Amino acid sequence: MQEISVHDKIFYPFLSEEEIYKAVKNVAQEVYEKFTDDVPIFVGVLNGVVMFISDFLKHYPGDCELAFVQMQSYQGTSSTGEVKKLMDLPSHLVENRHIIIMEDIVDTGNTLEALYQMLENKNVKSLSIAALLFKPEAYQKELKVDFIGLSIPDKFVVGYGLDYNGLGRNLPSIYQVKE
Ligand code: IMP
């Protein structure tokens with residue numbers, strides 16, 4: 001794989017399709033082990049989660065349901081700190097159900113915390129968090145991320161659903177910014 005350019009930045013190959021495939025499969029297996037006897041609802045955080053959630057579902061062998069919310073906190077390659085809710089979830093859909101928040105990437109944790117608080121207030125039965133990618137050095141919250149695909153350094157990445165100012169989501173593997 002070669003380096004690529006997206007807008008004004010150069011990115012190096014970072015995670016191959018095979019590495020991503022294994023990480024997604026492991027997360028699906030771990031989640032299934034915990035929720036084997038339930039019908040959980042996976043709540044995907046748009047837009048970045050599209051590829052992760054679609055591959056995750058293919059590996060999830062049990063009964064489950066799917067819903068989406070849309071949040072926005074990033075501009076360019078850094079978090080704004082302020083999380084905007086662009087699309088909510090009706091309370092009656094999640095009430096008394098096991099909910100798993102599905103994130104493409106957890107960075108500062110601002111998005112996650114805002115979403116967690118929003119869902120916590122909807123009388124859910126349980127609330128867990130699954131993330132394909134986790135940046136431990138950037139994380140600033142106390143909330144436990146229950147299921148993690150891969151922990152990565154605190155560097156901006158694109159591909160497999162993740163964008164840099166709107167571009168790069170359609171790359172099948174993940175690239176890291178050249179600084
Ligand atoms: P947080 O609120 O700082 O945890 O950031 C979460 C959201 O920011 C993710 O759902 C992504 O949409 C975006 N984000 C964080 N880090 C990256 C990155 O390295 N590449 C692309 N998007 C990112």
# chains A, B, ... in the order shown; residues from 1 in each chain; ligands from 1
$ select_by_dssp --residues "range 43-151 of chain A" --states "strand (DSSP E)" --output "PyMOL selection string"
chain A and resi 43-46+65-75+78-87+98-106+126-134+147-151
$ residues_around --residues "Val24 in chain A" --least-positions-apart "6" --cutoff "9 Å" --atoms "only C-alpha atoms" --output "ChimeraX atom specification"
/A:52-53,55-56,59,132,149
$ residues_around --residues "Glu19 in chain A" --least-positions-apart "5" --cutoff "12 Å" --atoms "only C-alpha atoms" --output "PyMOL selection string"
chain A and resi 13-14+24-26+132-133+149-150+160+172-174
$ residues_near_ligand --ligand "ligand 1" --cutoff "7 Å" --atoms "only C-alpha atoms and all ligand atoms" --output "number ranges by chain"
A: 45, 48, 72-74, 77, 79, 103-112, 155-158, 162-164
$ select_by_dssp --residues "range 40-153 of chain A" --states "helix (DSSP H, G or I)" --output "count of residues only"
25
$ residues_around --residues "Cys64 in chain A" --least-positions-apart "5" --cutoff "9 Å" --atoms "only C-alpha atoms" --output "PDB file with N, CA, C and O atoms, in the first residue's frame"
ATOM      1  N   ASP A  38     -29.773 -12.434  25.106  1.00  0.00           N
ATOM      2  CA  ASP A  38     -30.595 -11.222  24.950  1.00  0.00           C
ATOM      3  C   ASP A  38     -30.714 -10.843  23.475  1.00  0.00           C
ATOM      4  O   ASP A  38     -30.054 -11.434  22.614  1.00  0.00           O
ATOM      5  N   VAL A  39     -31.582  -9.867  23.230  1.00  0.00           N
ATOM      6  CA  VAL A  39     -31.660  -9.287  21.880  1.00  0.00           C
ATOM      7  C   VAL A  39     -31.251  -7.812  22.023  1.00  0.00           C
ATOM      8  O   VAL A  39     -32.092  -6.946  22.246  1.00  0.00           O
ATOM      9  N   PRO A  40     -29.933  -7.555  21.941  1.00  0.00           N
ATOM     10  CA  PRO A  40     -29.469  -6.177  22.163  1.00  0.00           C
ATOM     11  C   PRO A  40     -29.800  -5.267  20.981  1.00  0.00           C
ATOM     12  O   PRO A  40     -30.085  -5.743  19.879  1.00  0.00           O
ATOM     13  N   ILE A  41     -29.754  -3.961  21.257  1.00  0.00           N
ATOM     14  CA  ILE A  41     -29.879  -2.985  20.159  1.00  0.00           C
ATOM     15  C   ILE A  41     -28.520  -2.319  19.989  1.00  0.00           C
ATOM     16  O   ILE A  41     -27.975  -1.745  20.947  1.00  0.00           O
ATOM     17  N   PHE A  42     -27.975  -2.403  18.793  1.00  0.00           N
ATOM     18  CA  PHE A  42     -26.718  -1.729  18.493  1.00  0.00           C
ATOM     19  C   PHE A  42     -27.034  -0.329  17.992  1.00  0.00           C
ATOM     20  O   PHE A  42     -27.752  -0.179  16.994  1.00  0.00           O
ATOM     21  N   LEU A  57     -22.036  -6.530  12.053  1.00  0.00           N
ATOM     22  CA  LEU A  57     -23.308  -7.260  11.985  1.00  0.00           C
ATOM     23  C   LEU A  57     -23.151  -8.593  11.262  1.00  0.00           C
ATOM     24  O   LEU A  57     -23.763  -9.590  11.641  1.00  0.00           O
TER      25      LEU A  57
END
$ atom_distance --atom1 "CA of Ile152 in chain A" --atom2 "CA of Gln140 in chain A"
15.1 Å
$ residues_around --residues "Val69 in chain A" --least-positions-apart "4" --cutoff "9 Å" --atoms "only C-alpha atoms" --output "number ranges by chain"
A: 43-47, 85-89, 115
$ write_last_selection --atoms "N, CA and C atoms" --output "CSV table (one decimal), in the first residue's frame"
chain,number,residue,atom,x,y,z
A,43,VAL,N,-26.5,0.7,18.7
A,43,VAL,CA,-26.8,2.1,18.3
A,43,VAL,C,-25.5,2.6,17.7
A,44,GLY,N,-25.5,2.7,16.4
A,44,GLY,CA,-24.3,3.2,15.6
A,44,GLY,C,-24.3,4.7,15.6
A,45,VAL,N,-23.1,5.3,15.8
A,45,VAL,CA,-22.9,6.7,15.8
A,45,VAL,C,-22.4,7.1,14.3
A,46,LEU,N,-23.4,7.7,13.6
A,46,LEU,CA,-23.1,8.2,12.2
A,46,LEU,C,-22.2,9.4,12.2
A,47,ASN,N,-21.4,9.6,11.1
A,47,ASN,CA,-21.3,8.8,9.9
A,47,ASN,C,-20.2,7.8,10.0
A,85,LYS,N,-25.8,17.3,18.6
A,85,LYS,CA,-26.6,16.1,18.3
A,85,LYS,C,-27.4,16.4,17.0
A,86,LEU,N,-27.1,15.7,16.0
A,86,LEU,CA,-27.7,16.0,14.7
A,86,LEU,C,-28.9,15.1,14.5
A,87,MET,N,-29.0,13.9,15.2
A,87,MET,CA,-30.1,13.0,15.0
A,87,MET,C,-30.3,12.3,16.3
A,88,ASP,N,-31.5,12.3,16.9
A,88,ASP,CA,-31.8,11.7,18.2
A,88,ASP,C,-32.4,10.3,18.0
A,89,LEU,N,-32.7,9.6,19.1
A,89,LEU,CA,-33.3,8.3,19.1
A,89,LEU,C,-34.6,8.4,19.9
A,115,LEU,N,-23.4,11.1,24.3
A,115,LEU,CA,-24.3,10.1,23.9
A,115,LEU,C,-24.7,9.2,25.0
$ residues_around --residues "Glu30 in chain A" --least-positions-apart "2" --cutoff "12 Å" --atoms "only C-alpha atoms" --output "PyMOL selection string"
chain A and resi 23-28+32-36+56+59-61+129-130+146-149
$ atom_distance --atom1 "CA of Lys125 in chain A" --atom2 "CA of Arg97 in chain A"
4.8 Å
$ closest_residue --among "A:Met51, A:Leu93, A:Ile10, A:Val31" --to "Leu66 in chain A" --atoms "only C-alpha atoms"
A:Leu93
$ atom_distance --atom1 "CA of His92 in chain A" --atom2 "CA of Lys58 in chain A"
26.4 Å
$ closest_residue --among "A:Phe11, A:Asp37, A:Pro90, A:Val49" --to "Met71 in chain A" --atoms "only C-alpha atoms"
A:Val49
$ closest_residue --among "A:Ile20, A:Tyr116, A:Glu179, A:Val50" --to "Gly161 in chain A" --atoms "only C-alpha atoms"
A:Val50
$ closest_residue --among "A:Tyr175, A:Asn123, A:Lys84, A:Pro136" --to "Leu15 in chain A" --atoms "only C-alpha atoms"
A:Tyr175
